[in-house]
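Following: one structure in structure tokens, then a few remarks.
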Amino acid sequence: MNSFYWIGYHLSRLIGRFFFRLRIIHRERMIQTGPVILAMNHQSYLDPPLAGITCDRAIYFLAKRTLIDVPVLGWLLPKLNVIPVNQEGIDRSALKAICSPLSLGWDS
């Protein structure tokens, strides 16, 4: 886990527990090793980081490319394992970026 991801992970955990009383029930049922794809729909910008803290290992997030175009977010989001996706057509670069860690069985 890189340092930016580690800080974001623990900060999100603290915020989730303190402000939202987030509890993780049956965490032991989550697949903890090997490649996994979590497909989630979300309704707010808080949902991805709060969903990300349900797993004890670093995960990658897919986000629309327009978020990366925002100056501060464009610098920060890639450090938080965010892979930009072009929503117009098929984005093969995003597919390759997410398949690489999966094919290596990335686990950390």
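By order in the structure tokens, chains are A, B, ...; within a chain, residues start at 1; ligands start at 1, following the order shown.
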Exercise for the section: Give me every helix (DSSP H, G or I) residue in range 3-101 of chain A, going by DSSP on the backbone, as a ChimeraX atom specification. Expected result: /A:3-20,27-29,47-52,65-68,71-80,92-101
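Distances to Gln32 in chain A were evaluated for A:Leu50, A:Ala58, A:Ile7, A:Leu80 using only C-alpha atoms, and the minimum falls at A:Ala58.
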Problem - Which of A:Gln87, A:Leu73, A:Arg27, A:Ile98 sits closest to Phe61 in chain A [using only C-alpha atoms] - result: A:Ile98
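When CA of Leu95 in chain A is paired with CA of His42 in chain A, their separation reads 20.3 Å.
By chain and then residue number, the residues within 12 Å of Ser3 in chain A are Trp6, Ile7, Gly8, Tyr9, His10, Ala58, Leu76, Lys79, Leu80 and Asn81 of chain A, counting only C-alpha atoms and disregarding those fewer than 3 positions away in sequence.
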Problem - Gly52 in chain A surroundings by only C-alpha atoms, 10 Å radius, close-in-sequence under 2 positions cut, as a PyMOL selection string - result: chain A and resi 8-9+12-13+38+47-50+54-61
Could you turn the residues from that selection into a file that holds N, CA and C atoms, as an mmCIF file, in the first residue's frame?
data_model
loop_
_atom_site.group_PDB
_atom_site.id
_atom_site.type_symbol
_atom_site.label_atom_id
_atom_site.label_comp_id
_atom_site.auth_asym_id
_atom_site.auth_seq_id
_atom_site.Cartn_x
_atom_site.Cartn_y
_atom_site.Cartn_z
ATOM 1 N N GLY A 8 -5.273 7.782 3.162
ATOM 2 C CA GLY A 8 -6.676 7.881 2.754
ATOM 3 C C GLY A 8 -7.530 6.758 3.324
ATOM 4 N N TYR A 9 -6.962 5.558 3.360
ATOM 5 C CA TYR A 9 -7.669 4.392 3.902
ATOM 6 C C TYR A 9 -8.016 4.615 5.377
ATOM 7 N N SER A 12 -10.462 7.583 5.893
ATOM 8 C CA SER A 12 -11.826 7.173 5.531
ATOM 9 C C SER A 12 -12.434 6.274 6.606
ATOM 10 N N ARG A 13 -11.621 5.394 7.178
ATOM 11 C CA ARG A 13 -12.110 4.534 8.267
ATOM 12 C C ARG A 13 -12.536 5.360 9.468
ATOM 13 N N LEU A 38 -14.895 -5.999 -7.288
ATOM 14 C CA LEU A 38 -16.078 -5.559 -6.552
ATOM 15 C C LEU A 38 -16.808 -4.572 -7.453
ATOM 16 N N ASP A 47 -19.391 7.271 -1.141
ATOM 17 C CA ASP A 47 -19.576 5.822 -1.229
ATOM 18 C C ASP A 47 -18.305 5.055 -1.617
ATOM 19 N N PRO A 48 -17.537 5.467 -2.631
ATOM 20 C CA PRO A 48 -16.338 4.691 -2.964
ATOM 21 C C PRO A 48 -15.319 4.578 -1.830
ATOM 22 N N PRO A 49 -14.936 5.689 -1.156
ATOM 23 C CA PRO A 49 -13.982 5.491 -0.062
ATOM 24 C C PRO A 49 -14.560 4.685 1.094
ATOM 25 N N LEU A 50 -15.841 4.868 1.374
ATOM 26 C CA LEU A 50 -16.438 4.086 2.459
ATOM 27 C C LEU A 50 -16.533 2.613 2.084
ATOM 28 N N THR A 54 -13.985 -1.420 3.480
ATOM 29 C CA THR A 54 -14.526 -2.719 3.888
ATOM 30 C C THR A 54 -13.537 -3.840 3.642
ATOM 31 N N CYS A 55 -12.531 -3.598 2.847
ATOM 32 C CA CYS A 55 -11.524 -4.601 2.515
ATOM 33 C C CYS A 55 -10.227 -4.255 3.246
ATOM 34 N N ASP A 56 -9.551 -5.255 3.757
ATOM 35 C CA ASP A 56 -8.310 -5.025 4.495
ATOM 36 C C ASP A 56 -7.099 -4.842 3.592
ATOM 37 N N ARG A 57 -7.286 -4.928 2.300
ATOM 38 C CA ARG A 57 -6.163 -4.752 1.378
ATOM 39 C C ARG A 57 -6.460 -3.621 0.415
ATOM 40 N N ALA A 58 -5.428 -3.133 -0.237
ATOM 41 C CA ALA A 58 -5.597 -2.031 -1.185
ATOM 42 C C ALA A 58 -6.424 -2.511 -2.371
ATOM 43 N N ILE A 59 -7.310 -1.646 -2.845
ATOM 44 C CA ILE A 59 -8.111 -1.975 -4.017
ATOM 45 C C ILE A 59 -7.978 -0.839 -5.023
ATOM 46 N N TYR A 60 -8.316 -1.123 -6.262
ATOM 47 C CA TYR A 60 -8.324 -0.133 -7.325
ATOM 48 C C TYR A 60 -9.752 0.321 -7.557
ATOM 49 N N PHE A 61 -9.910 1.580 -7.933
ATOM 50 C CA PHE A 61 -11.215 2.153 -8.208
ATOM 51 C C PHE A 61 -11.250 2.618 -9.653
#
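Comparing the minimum interatomic distances between Leu14 in chain A and each of A:Gly89, A:Ile53, A:Ile83, A:Gly74, counting only C-alpha atoms, we find that A:Ile53 sits nearest.
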